[in-house]
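For reference, target_22.txt (compact mmCIF, C-alpha atoms (C1' of nucleotides)):
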# COMPACT_ATOMS: atom_id res chain seq x y z
CA MET T 1 0.00 0.00 0.00
CA ALA T 2 1.16 3.47 -0.79
CA ILE T 3 0.13 6.88 0.44
CA PHE T 4 -1.42 7.82 -2.92
CA SER T 5 -3.19 5.80 -5.60
CA LYS T 6 -1.25 5.02 -8.76
CA THR T 7 -3.48 7.52 -10.51
CA CYS T 8 -2.42 10.21 -8.06
CA GLU T 9 1.24 9.31 -8.34
CA TYR T 10 1.08 9.76 -12.11
CA ALA T 11 -0.85 12.99 -11.63
CA LEU T 12 1.76 14.46 -9.30
CA ARG T 13 4.68 13.42 -11.47
CA ALA T 14 2.96 14.87 -14.54
CA VAL T 15 2.16 18.07 -12.66
CA PHE T 16 5.79 18.51 -11.67
CA TYR T 17 6.96 17.92 -15.22
CA VAL T 18 4.42 20.27 -16.81
CA ALA T 19 5.15 22.90 -14.17
CA GLN T 20 8.83 22.79 -14.97
CA ARG T 21 8.22 23.12 -18.69
CA SER T 22 5.71 25.91 -18.10
CA HIS T 23 8.34 27.74 -16.09
CA GLU T 24 10.61 27.41 -19.11
CA GLY T 25 7.87 28.83 -21.32
CA TYR T 26 6.69 25.68 -23.07
CA LYS T 27 3.48 23.75 -23.46
CA VAL T 28 3.83 19.97 -23.39
CA GLY T 29 2.06 17.23 -25.35
CA ILE T 30 0.65 14.19 -23.57
CA LYS T 31 3.10 11.93 -25.36
CA GLU T 32 6.12 13.82 -24.09
CA ILE T 33 4.73 13.93 -20.57
CA ALA T 34 4.01 10.21 -20.51
CA GLU T 35 7.52 9.47 -21.77
CA GLN T 36 9.22 11.76 -19.31
CA ILE T 37 7.39 10.52 -16.24
CA ASN T 38 7.21 6.90 -17.39
CA SER T 39 3.45 6.44 -17.34
CA PRO T 40 0.90 4.82 -19.70
CA GLU T 41 -0.05 7.55 -22.15
CA PRO T 42 -3.83 7.00 -22.57
CA PHE T 43 -4.29 6.56 -18.86
CA LEU T 44 -2.40 9.71 -18.08
CA ALA T 45 -4.49 11.54 -20.68
CA LYS T 46 -7.61 10.68 -18.71
CA ILE T 47 -6.08 11.96 -15.52
CA LEU T 48 -5.04 15.27 -17.03
CA GLN T 49 -8.52 15.66 -18.53
CA ARG T 50 -9.94 15.48 -15.05
CA LEU T 51 -7.50 18.02 -13.69
CA ARG T 52 -8.30 20.27 -16.58
CA LYS T 53 -12.05 20.07 -15.98
CA GLU T 54 -11.41 21.16 -12.43
CA GLY T 55 -9.38 24.07 -13.68
CA LEU T 56 -6.19 22.87 -12.04
CA ILE T 57 -4.23 22.63 -15.29
CA GLN T 58 -4.57 24.42 -18.61
CA SER T 59 -4.47 23.02 -22.14
CA VAL T 60 -4.96 23.98 -25.77
CA LYS T 61 -5.72 21.65 -28.65
CA GLY T 62 -4.11 21.68 -32.06
CA PRO T 63 -0.61 22.27 -33.41
CA SER T 64 1.83 23.65 -30.85
CA GLY T 65 -0.81 22.96 -28.24
CA GLY T 66 -0.47 20.91 -25.10
CA PHE T 67 -0.70 21.18 -21.34
CA TYR T 68 0.66 23.99 -19.22
CA PHE T 69 0.18 25.91 -15.98
CA ASP T 70 -0.60 29.59 -15.86
CA ALA T 71 1.02 31.69 -13.14
CA ALA T 72 -1.89 31.36 -10.72
CA SER T 73 -2.03 27.59 -11.13
CA LEU T 74 1.68 27.25 -10.45
CA ASN T 75 1.02 28.65 -6.99
CA ARG T 76 -1.77 26.29 -6.07
CA PRO T 77 -0.88 23.72 -3.42
CA LEU T 78 -0.27 20.05 -4.21
CA ALA T 79 -3.21 19.32 -1.92
CA ASP T 80 -5.55 20.52 -4.69
CA ILE T 81 -4.19 17.91 -7.08
CA VAL T 82 -4.37 15.14 -4.50
CA THR T 83 -7.92 16.04 -3.52
CA ALA T 84 -9.05 16.14 -7.15
CA VAL T 85 -7.68 12.66 -7.80
CA ASP T 86 -7.89 10.75 -4.51
CA GLY T 87 -10.48 12.73 -2.60
CA ASP T 88 -9.91 13.77 0.99
CA ALA T 89 -9.49 10.34 2.59
CA ILE T 90 -5.79 10.98 3.12
CA PHE T 91 -6.58 14.20 4.96
CA THR T 92 -9.49 13.07 7.08
CA GLY T 93 -9.84 9.26 6.94
CA CYS T 94 -9.37 6.90 9.88
CA GLY T 95 -6.22 4.80 9.72
CA LEU T 96 -8.22 1.67 10.53
CA GLY T 97 -10.99 2.45 8.03
CA LEU T 98 -13.68 3.33 10.58
CA THR T 99 -16.37 5.70 9.35
CA ASP T 100 -17.21 7.32 12.70
CA CYS T 101 -13.72 7.60 14.15
CA SER T 102 -13.27 10.92 15.93
CA GLU T 103 -11.97 12.55 19.09
CA SER T 104 -15.02 11.39 20.97
CA ASN T 105 -15.13 7.93 19.37
CA PRO T 106 -11.50 7.16 18.58
CA CYS T 107 -9.91 4.04 17.17
CA PRO T 108 -6.83 2.83 19.07
CA LEU T 109 -4.49 4.55 16.63
CA HIS T 110 -6.44 7.79 16.41
CA GLU T 111 -3.87 10.01 18.13
CA ASP T 112 -0.95 8.50 16.25
CA PHE T 113 -2.67 8.86 12.91
CA LYS T 114 -3.68 12.40 13.66
CA LYS T 115 -0.01 13.32 13.75
CA VAL T 116 0.70 11.53 10.50
CA ARG T 117 -2.29 13.05 8.75
CA ASN T 118 -1.44 16.51 10.00
CA GLN T 119 2.07 16.21 8.69
CA ILE T 120 0.92 15.05 5.26
CA THR T 121 -1.80 17.69 5.15
CA SER T 122 0.55 20.48 6.14
CA MET T 123 3.12 19.39 3.61
CA LEU T 124 0.63 19.20 0.74
CA ASN T 125 -1.03 22.48 1.68
CA HIS T 126 2.23 24.37 1.90
CA THR T 127 3.90 23.01 -1.22
CA PRO T 128 2.99 24.92 -4.38
CA ILE T 129 2.93 23.03 -7.65
CA GLY T 130 5.83 25.10 -8.97
CA LYS T 131 8.08 24.70 -5.95
CA PHE T 132 10.52 22.31 -7.59
CA ASN T 133 10.81 23.98 -10.99
CA LEU T 134 14.37 25.21 -10.57
CA GLY T 135 15.52 21.98 -9.01
CA LEU T 136 13.98 19.99 -11.84
CA ILE T 137 15.58 22.21 -14.48
CA LYS T 138 18.93 21.71 -12.79
CA GLY T 139 18.36 17.97 -12.91
CA LYS T 140 18.28 17.60 -9.15
CA PHE T 141 15.12 15.51 -9.11
CA SER T 142 13.88 12.42 -10.88
CA LEU T 143 10.33 11.88 -12.16
CA ASN T 144 10.71 8.73 -14.21
CA LYS T 145 12.19 5.83 -12.26
CA MET C 1 -6.67 6.44 -0.82
CA ALA C 2 -5.84 5.38 2.67
CA ILE C 3 -2.56 4.58 4.41
CA PHE C 4 -3.37 0.86 4.57
CA SER C 5 -5.30 -1.49 2.29
CA LYS C 6 -8.77 -2.52 3.38
CA THR C 7 -7.31 -5.94 4.07
CA CYS C 8 -4.78 -4.41 6.43
CA GLU C 9 -7.39 -2.26 8.15
CA TYR C 10 -9.45 -5.37 8.90
CA ALA C 11 -6.31 -7.18 10.02
CA LEU C 12 -5.36 -4.47 12.50
CA ARG C 13 -8.87 -4.14 13.88
CA ALA C 14 -9.11 -7.92 14.29
CA VAL C 15 -5.70 -8.02 15.92
CA PHE C 16 -6.72 -5.41 18.47
CA TYR C 17 -9.92 -7.25 19.24
CA VAL C 18 -8.29 -10.66 19.59
CA ALA C 19 -5.50 -9.15 21.69
CA GLN C 20 -8.02 -7.68 24.09
CA ARG C 21 -9.88 -10.95 24.43
CA SER C 22 -6.60 -12.85 24.84
CA HIS C 23 -5.67 -10.49 27.63
CA GLU C 24 -8.98 -11.41 29.26
CA GLY C 25 -8.14 -15.09 28.85
CA TYR C 26 -10.41 -16.02 25.97
CA LYS C 27 -10.06 -17.42 22.48
CA VAL C 28 -12.34 -15.89 19.86
CA GLY C 29 -14.19 -17.43 16.93
CA ILE C 30 -14.05 -15.83 13.50
CA LYS C 31 -17.75 -15.06 13.61
CA GLU C 32 -17.45 -13.06 16.81
CA ILE C 33 -14.41 -11.19 15.54
CA ALA C 34 -16.10 -10.28 12.26
CA GLU C 35 -19.16 -9.03 14.13
CA GLN C 36 -17.20 -6.99 16.61
CA ILE C 37 -14.98 -5.26 14.08
CA ASN C 38 -17.65 -5.01 11.40
CA SER C 39 -15.90 -6.91 8.63
CA PRO C 40 -16.98 -9.56 6.09
CA GLU C 41 -16.50 -12.88 7.86
CA PRO C 42 -15.09 -15.11 5.09
CA PHE C 43 -12.75 -12.39 3.94
CA LEU C 44 -11.46 -11.83 7.43
CA ALA C 45 -10.99 -15.57 7.82
CA LYS C 46 -8.56 -15.53 4.88
CA ILE C 47 -6.64 -12.68 6.41
CA LEU C 48 -6.27 -14.40 9.77
CA GLN C 49 -5.19 -17.59 8.01
CA ARG C 50 -2.32 -15.68 6.49
CA LEU C 51 -1.30 -14.17 9.81
CA ARG C 52 -1.46 -17.56 11.38
CA LYS C 53 0.78 -19.13 8.71
CA GLU C 54 3.32 -16.43 9.47
CA GLY C 55 3.09 -17.27 13.15
CA LEU C 56 1.80 -13.84 14.08
CA ILE C 57 -1.44 -15.12 15.59
CA GLN C 58 -2.36 -18.45 17.16
CA SER C 59 -5.45 -20.58 16.64
CA VAL C 60 -6.95 -23.93 17.52
CA LYS C 61 -9.68 -25.78 15.68
CA GLY C 62 -12.66 -27.47 17.17
CA PRO C 63 -14.98 -26.81 20.10
CA SER C 64 -13.93 -23.92 22.35
CA GLY C 65 -11.27 -23.17 19.76
CA GLY C 66 -10.64 -19.90 18.02
CA PHE C 67 -7.97 -17.25 17.58
CA TYR C 68 -5.75 -15.85 20.29
CA PHE C 69 -2.35 -14.34 20.99
CA ASP C 70 0.20 -15.93 23.24
CA ALA C 71 2.27 -13.67 25.49
CA ALA C 72 5.14 -13.34 23.06
CA SER C 73 2.83 -12.45 20.18
CA LEU C 74 1.14 -9.74 22.23
CA ASN C 75 4.47 -7.98 22.39
CA ARG C 76 5.20 -8.02 18.69
CA PRO C 77 4.97 -4.64 16.99
CA LEU C 78 2.09 -3.66 14.72
CA ALA C 79 4.67 -3.30 11.98
CA ASP C 80 4.82 -7.11 11.74
CA ILE C 81 1.11 -7.28 10.96
CA VAL C 82 1.29 -4.48 8.41
CA THR C 83 4.29 -6.02 6.69
CA ALA C 84 2.61 -9.44 6.52
CA VAL C 85 -0.49 -7.98 4.86
CA ASP C 86 0.66 -4.96 2.86
CA GLY C 87 4.35 -5.63 2.42
CA ASP C 88 6.93 -2.96 3.10
CA ALA C 89 5.82 -0.33 0.58
CA ILE C 90 4.56 1.90 3.36
CA PHE C 91 7.96 1.76 5.05
CA THR C 92 10.22 2.12 2.04
CA GLY C 93 8.20 3.10 -1.03
CA CYS C 94 8.52 6.38 -2.92
CA GLY C 95 5.58 8.75 -2.46
CA LEU C 96 5.41 9.29 -6.20
CA GLY C 97 5.68 5.60 -7.06
CA LEU C 98 9.23 5.70 -8.44
CA THR C 99 11.17 2.46 -8.20
CA ASP C 100 14.66 3.95 -7.95
CA CYS C 101 13.93 6.93 -5.72
CA SER C 102 16.69 7.39 -3.15
CA GLU C 103 18.94 9.95 -1.50
CA SER C 104 21.12 10.05 -4.59
CA ASN C 105 18.22 9.95 -7.07
CA PRO C 106 15.37 11.65 -5.23
CA CYS C 107 11.90 12.55 -6.39
CA PRO C 108 10.83 16.11 -5.60
CA LEU C 109 8.99 15.02 -2.46
CA HIS C 110 11.68 12.64 -1.23
CA GLU C 111 12.66 14.63 1.87
CA ASP C 112 9.09 15.37 2.84
CA PHE C 113 8.03 11.78 2.47
CA LYS C 114 11.02 10.55 4.40
CA LYS C 115 9.67 12.39 7.42
CA VAL C 116 6.21 10.94 6.96
CA ARG C 117 7.51 7.41 6.43
CA ASN C 118 9.80 7.66 9.43
CA GLN C 119 6.94 8.74 11.62
CA ILE C 120 4.70 5.88 10.46
CA THR C 121 7.54 3.39 10.71
CA SER C 122 8.51 4.50 14.19
CA MET C 123 4.92 4.39 15.36
CA LEU C 124 4.29 0.90 14.00
CA ASN C 125 7.60 -0.44 15.29
CA HIS C 126 7.09 0.90 18.78
CA THR C 127 3.47 -0.07 19.23
CA PRO C 128 3.01 -3.62 20.51
CA ILE C 129 -0.11 -5.50 19.49
CA GLY C 130 -1.32 -5.59 23.09
CA LYS C 131 -0.78 -1.90 23.82
CA PHE C 132 -4.47 -0.98 23.82
CA ASN C 133 -5.84 -3.96 25.71
CA LEU C 134 -6.75 -2.08 28.87
CA GLY C 135 -8.19 0.85 26.96
CA LEU C 136 -10.29 -1.49 24.86
CA ILE C 137 -11.57 -3.36 27.91
CA LYS C 138 -12.53 -0.05 29.48
CA GLY C 139 -14.41 0.85 26.31
CA LYS C 140 -12.18 3.78 25.46
CA PHE C 141 -11.66 2.77 21.86
CA SER C 142 -13.89 1.79 18.96
CA LEU C 143 -13.15 -0.98 16.45
CA ASN C 144 -16.42 -1.27 14.59
CA LYS C 145 -17.56 2.03 13.10
C1' DG Y 1 -14.85 -43.87 19.05
C1' DA Y 2 -19.02 -40.71 17.54
C1' DG Y 3 -20.79 -36.35 17.00
C1' DA Y 4 -20.27 -31.52 17.18
C1' DT Y 5 -17.52 -27.52 16.55
C1' DA Y 6 -14.42 -24.34 14.44
C1' DA Y 7 -10.49 -23.22 11.53
C1' DA Y 8 -8.08 -24.38 6.90
C1' DA Y 9 -8.18 -24.82 2.17
C1' DG Y 10 -9.63 -24.34 -2.56
C1' DA Y 11 -12.46 -22.68 -6.09
C1' DT Y 12 -15.21 -18.76 -7.61
C1' DA Y 13 -17.42 -14.23 -7.92
C1' DA Y 14 -18.03 -9.21 -7.72
C1' DA Y 15 -16.22 -4.66 -7.58
C1' DA Y 16 -12.80 -1.23 -8.13
C1' DA Y 17 -8.58 0.42 -10.03
C1' DT Y 18 -5.73 0.58 -13.84
C1' DA Y 19 -5.13 0.68 -18.77
C1' DT Y 20 -6.32 0.84 -23.94
C1' DC Y 21 -8.50 2.06 -28.32
C1' DG Y 22 -11.07 4.47 -31.88
C1' DT Y 23 -13.48 8.58 -33.00
C1' DT Y 24 -14.51 13.46 -32.52
C1' DT Y 25 -13.56 18.28 -31.78
C1' DA Y 26 -10.79 22.39 -31.45
C1' DT Y 27 -6.82 24.95 -32.97
C1' DT Y 28 -3.04 26.27 -35.69
C1' DA Y 29 -0.27 27.18 -39.61
C1' DA Y 30 0.34 27.22 -44.33
C1' DT H 1 -9.93 27.00 -46.21
C1' DT H 2 -7.54 23.04 -45.90
C1' DA H 3 -4.34 19.82 -43.85
C1' DA H 4 -2.12 18.62 -39.84
C1' DT H 5 -1.94 18.43 -35.01
C1' DA H 6 -3.19 17.49 -30.37
C1' DA H 7 -6.55 17.21 -26.71
C1' DA H 8 -11.43 15.47 -25.48
C1' DC H 9 -14.64 11.93 -25.35
C1' DG H 10 -16.85 7.40 -25.15
C1' DA H 11 -16.62 2.62 -25.07
C1' DT H 12 -14.13 -1.28 -23.69
C1' DA H 13 -10.48 -4.36 -21.67
C1' DT H 14 -7.40 -6.01 -18.08
C1' DT H 15 -5.70 -6.54 -13.50
C1' DT H 16 -5.96 -6.27 -8.65
C1' DT H 17 -8.53 -6.01 -4.61
C1' DT H 18 -12.24 -7.34 -2.07
C1' DA H 19 -15.61 -10.83 -1.00
C1' DT H 20 -18.19 -15.43 -0.98
C1' DC H 21 -19.15 -20.33 -0.93
C1' DT H 22 -18.24 -25.26 -0.33
C1' DT H 23 -15.55 -28.91 1.25
C1' DT H 24 -11.98 -30.67 4.20
C1' DT H 25 -9.28 -31.19 8.36
C1' DA H 26 -8.29 -30.83 13.22
C1' DT H 27 -9.86 -30.81 17.95
C1' DC H 28 -12.83 -31.12 21.74
C1' DT H 29 -16.59 -33.27 24.48
C1' DC H 30 -19.17 -37.00 25.64
Mind turning the file's structure into structure tokens?
Amino acid sequence: MAIFSKTCEYALRAVFYVAQRSHEGYKVGIKEIAEQINSPEPFLAKILQRLRKEGLIQSVKGPSGGFYFDAASLNRPLADIVTAVDGDAIFTGCGLGLTDCSESNPCPLHEDFKKVRNQITSMLNHTPIGKFNLGLIKGKFSLNK
Amino acid sequence: MAIFSKTCEYALRAVFYVAQRSHEGYKVGIKEIAEQINSPEPFLAKILQRLRKEGLIQSVKGPSGGFYFDAASLNRPLADIVTAVDGDAIFTGCGLGLTDCSESNPCPLHEDFKKVRNQITSMLNHTPIGKFNLGLIKGKFSLNK
DNA sequence: GAGATAAAAGATAAAAATATCGTTTATTAA
DNA sequence: TTAATAAACGATATTTTTATCTTTTATCTC
């Protein structure tokens, strides 16, 4: 089990790649994205369609078209992407899968998981999509293996 | 997406319930466990079979049989249960799903996820199966909704 | 030892997540 | 205004996870 679904992992990797290229002034085609982040192209296309419908990423059709982020979108937090793809289970869900777990009706791991969730939530809320652009351009980070 | 698979959530809830009952001196039948933790009985049976094969839980067949933990097993860490069911992805996997992510070839979120993973790992390694027995007996914790 | 009980095992089934394909629509550039 | 390009859309396929059912085996009680 991972923190995010496979779908969300692809989404985040794609987001980082498109953000980097947007920072450099380019739009990117789905084929290039899929190659660069090592994901199945048609599946990734579906994911980006969803993000686009939610207004989280921009795209234009036709020659010299592709996906990109405008300035405002580059500043959105990663949490928006995660929520769009995986919902808010990672932010609010019980670690043991209970539906009514809460302060007043806690599972045994409630306090422990609260810390973990808070850390993940804080990280995703405070990390803008474009945060790693310079690092990616400098080749400091990997997105493909 | 959750931290653990549904299978693992059931496993942990069942483990807590059986641990509590073992502490009280009882063995528990699969039917009672499934009822008390609100899980599908035959599915849970498969899960407990796996744990039993790995020696993480004990069981006896026949009348007045059922599942239980011996003293040594009650002191094992939750990490053993999680590893048996979900493998070690939660402890070692890359947050973005990369296979070769490491200190020398990091994904953009590598440092952030290291903190999250370390916290989860530490928690699961330092929490023995029997830790919540008294709290459960006193009704302080919920396992069923 | 016979009958009852409860877990183990094996074969399936259903649902959800992941992945693919063919066609359509929008946009651009010539 | 046409040809080429690239995303959008809709239908379908595959794989994995989750769940069920039936039969078998072990153990206890009498």
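Across the model, the gap from C1' of DA17 in chain Y to CA of Leu74 in chain T is 28.7 Å.
Nearest residue to DT27 in chain H among C:Ser64, C:Gln58, C:Thr92, C:Asn144 is C:Ser64, counting only C-alpha atoms (C1' of nucleotides).
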Per-residue nearest contacts chain C to chain T, cut-off 9 Å, using all atoms listed in the file, as JSON lines:
{"residue": "C:Met1", "atom": "CA", "partner": "T:Asp86", "partner_atom": "CA", "distance": 5.8}
{"residue": "C:Ala2", "atom": "CA", "partner": "T:Ile90", "partner_atom": "CA", "distance": 5.6}
{"residue": "C:Ile3", "atom": "CA", "partner": "T:Ile3", "partner_atom": "CA", "distance": 5.3}
{"residue": "C:Phe4", "atom": "CA", "partner": "T:Met1", "partner_atom": "CA", "distance": 5.7}
{"residue": "C:Ser5", "atom": "CA", "partner": "T:Met1", "partner_atom": "CA", "distance": 6.0}
{"residue": "C:Lys6", "atom": "CA", "partner": "T:Gly97", "partner_atom": "CA", "distance": 7.2}
{"residue": "C:Cys8", "atom": "CA", "partner": "T:Leu96", "partner_atom": "CA", "distance": 8.1}
{"residue": "C:Glu9", "atom": "CA", "partner": "T:Leu96", "partner_atom": "CA", "distance": 4.7}
{"residue": "C:Tyr10", "atom": "CA", "partner": "T:Leu96", "partner_atom": "CA", "distance": 7.3}
{"residue": "C:Leu12", "atom": "CA", "partner": "T:Leu96", "partner_atom": "CA", "distance": 7.1}
{"residue": "C:Arg13", "atom": "CA", "partner": "T:Leu96", "partner_atom": "CA", "distance": 6.7}
{"residue": "C:Phe16", "atom": "CA", "partner": "T:Pro108", "partner_atom": "CA", "distance": 8.3}
{"residue": "C:Asp86", "atom": "CA", "partner": "T:Met1", "partner_atom": "CA", "distance": 5.8}
{"residue": "C:Gly87", "atom": "CA", "partner": "T:Met1", "partner_atom": "CA", "distance": 7.5}
{"residue": "C:Asp88", "atom": "CA", "partner": "T:Met1", "partner_atom": "CA", "distance": 8.1}
{"residue": "C:Ala89", "atom": "CA", "partner": "T:Met1", "partner_atom": "CA", "distance": 5.9}
{"residue": "C:Ile90", "atom": "CA", "partner": "T:Ala2", "partner_atom": "CA", "distance": 5.6}
{"residue": "C:Gly93", "atom": "CA", "partner": "T:Ala2", "partner_atom": "CA", "distance": 7.1}
{"residue": "C:Cys94", "atom": "CA", "partner": "T:Ala2", "partner_atom": "CA", "distance": 8.2}
{"residue": "C:Gly95", "atom": "CA", "partner": "T:Ile3", "partner_atom": "CA", "distance": 6.5}
{"residue": "C:Leu96", "atom": "CA", "partner": "T:Glu9", "partner_atom": "CA", "distance": 4.7}
{"residue": "C:Gly97", "atom": "CA", "partner": "T:Glu9", "partner_atom": "CA", "distance": 5.9}
{"residue": "C:Leu98", "atom": "CA", "partner": "T:Lys145", "partner_atom": "CA", "distance": 4.8}
{"residue": "C:Thr99", "atom": "CA", "partner": "T:Lys145", "partner_atom": "CA", "distance": 5.4}
{"residue": "C:Asp100", "atom": "CA", "partner": "T:Lys145", "partner_atom": "CA", "distance": 5.3}
{"residue": "C:Cys101", "atom": "CA", "partner": "T:Lys145", "partner_atom": "CA", "distance": 6.9}
{"residue": "C:Asn105", "atom": "CA", "partner": "T:Ser142", "partner_atom": "CA", "distance": 6.3}
{"residue": "C:Pro106", "atom": "CA", "partner": "T:Phe141", "partner_atom": "CA", "distance": 5.5}
{"residue": "C:Cys107", "atom": "CA", "partner": "T:Ser142", "partner_atom": "CA", "distance": 4.9}
{"residue": "C:Pro108", "atom": "CA", "partner": "T:Phe141", "partner_atom": "CA", "distance": 5.6}
{"residue": "C:Asp112", "atom": "CA", "partner": "T:Met123", "partner_atom": "CA", "distance": 7.2}
{"residue": "C:Phe113", "atom": "CA", "partner": "T:Ile120", "partner_atom": "CA", "distance": 8.3}
{"residue": "C:Lys115", "atom": "CA", "partner": "T:Gln119", "partner_atom": "CA", "distance": 8.6}
{"residue": "C:Val116", "atom": "CA", "partner": "T:Val116", "partner_atom": "CA", "distance": 6.6}
{"residue": "C:Arg117", "atom": "CA", "partner": "T:Val116", "partner_atom": "CA", "distance": 8.9}
{"residue": "C:Gln119", "atom": "CA", "partner": "T:Val116", "partner_atom": "CA", "distance": 6.9}
{"residue": "C:Ile120", "atom": "CA", "partner": "T:Val116", "partner_atom": "CA", "distance": 6.9}
{"residue": "C:Met123", "atom": "CA", "partner": "T:Asp112", "partner_atom": "CA", "distance": 7.2}
{"residue": "C:Phe132", "atom": "CA", "partner": "T:Pro108", "partner_atom": "CA", "distance": 6.5}
{"residue": "C:Gly135", "atom": "CA", "partner": "T:Pro108", "partner_atom": "CA", "distance": 8.2}
{"residue": "C:Leu136", "atom": "CA", "partner": "T:Pro108", "partner_atom": "CA", "distance": 8.0}
{"residue": "C:Lys140", "atom": "CA", "partner": "T:Pro106", "partner_atom": "CA", "distance": 7.7}
{"residue": "C:Phe141", "atom": "CA", "partner": "T:Cys107", "partner_atom": "CA", "distance": 5.2}
{"residue": "C:Ser142", "atom": "CA", "partner": "T:Cys107", "partner_atom": "CA", "distance": 4.9}
{"residue": "C:Leu143", "atom": "CA", "partner": "T:Cys107", "partner_atom": "CA", "distance": 6.0}
{"residue": "C:Asn144", "atom": "CA", "partner": "T:Leu98", "partner_atom": "CA", "distance": 6.7}
{"residue": "C:Lys145", "atom": "CA", "partner": "T:Leu98", "partner_atom": "CA", "distance": 4.8}
Closest contacts (chain H/chain C, max 12 Å, all atoms listed in the file) as JSON lines:
{"residue": "H:DT16", "atom": "C1'", "partner": "C:Ser5", "partner_atom": "CA", "distance": 12.0}
{"residue": "H:DT17", "atom": "C1'", "partner": "C:Lys6", "partner_atom": "CA", "distance": 8.7}
{"residue": "H:DT18", "atom": "C1'", "partner": "C:Phe43", "partner_atom": "CA", "distance": 7.9}
{"residue": "H:DA19", "atom": "C1'", "partner": "C:Phe43", "partner_atom": "CA", "distance": 5.9}
{"residue": "H:DT20", "atom": "C1'", "partner": "C:Pro42", "partner_atom": "CA", "distance": 6.8}
{"residue": "H:DC21", "atom": "C1'", "partner": "C:Pro42", "partner_atom": "CA", "distance": 8.9}
{"residue": "H:DT22", "atom": "C1'", "partner": "C:Pro42", "partner_atom": "CA", "distance": 11.9}
{"residue": "H:DT25", "atom": "C1'", "partner": "C:Lys61", "partner_atom": "CA", "distance": 9.1}
{"residue": "H:DA26", "atom": "C1'", "partner": "C:Lys61", "partner_atom": "CA", "distance": 5.8}
{"residue": "H:DT27", "atom": "C1'", "partner": "C:Gly62", "partner_atom": "CA", "distance": 4.4}
{"residue": "H:DC28", "atom": "C1'", "partner": "C:Pro63", "partner_atom": "CA", "distance": 5.1}
{"residue": "H:DT29", "atom": "C1'", "partner": "C:Pro63", "partner_atom": "CA", "distance": 8.0}
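We find CA of Lys53 in chain T and CA of Ala79 in chain T to be spaced 16.6 Å apart.
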Using Å and a single decimal, report how far CA of Ala72 in chain C sits from CA of Glu54 in chain C.
14.1 Å
Identify, on the basis of only C-alpha atoms (C1' of nucleotides), every residue whose closest approach to Phe69 in chain C does not exceed 9 Å; exclude the query and any residue fewer than 3 positions from it along the same chain; express the result as a ChimeraX atom specification.
/C:15,18-19,21-23,27,56-59,72-74
Selection: 12 Å around DG22 in chain Y, all atoms listed in the file, excl. self and same-chain fewer than 5 positions, as a ChimeraX atom specification
/H:9-12
Write out as CSV a residue-level contact list of chain Y versus chain C with cut-off 10 Å: for each qualifying residue the closest pair of atoms and the distance in Å to one decimal, counting only C-alpha atoms (C1' of nucleotides), rows sorted by chain and residue number upward.
residue,atom,partner,partner_atom,distance
Y:DA4,C1',C:Pro63,CA,7.7
Y:DT5,C1',C:Pro63,CA,4.4
Y:DA6,C1',C:Gly62,CA,4.5
Y:DA7,C1',C:Lys61,CA,4.9
Y:DA8,C1',C:Gln49,CA,7.5
Y:DA9,C1',C:Lys46,CA,9.7
Would you compute an axis-aligned box for range 10-13 of chain H, covering every atom listed for it in the file with 5 Å of margin on each side, and report centre and edge lengths in Å to one decimal as AutoDock Vina command-line options?
--center_x -13.7 --center_y 1.5 --center_z -23.4 --size_x 16.4 --size_y 21.8 --size_z 13.5
If we draw a sphere of 8 Å around (-5.5, -2.8, -18.7), which residues have at least one atom in it when counting all atoms listed in the file? Please report them as a ChimeraX atom specification.
/Y:18-20 /H:13-15
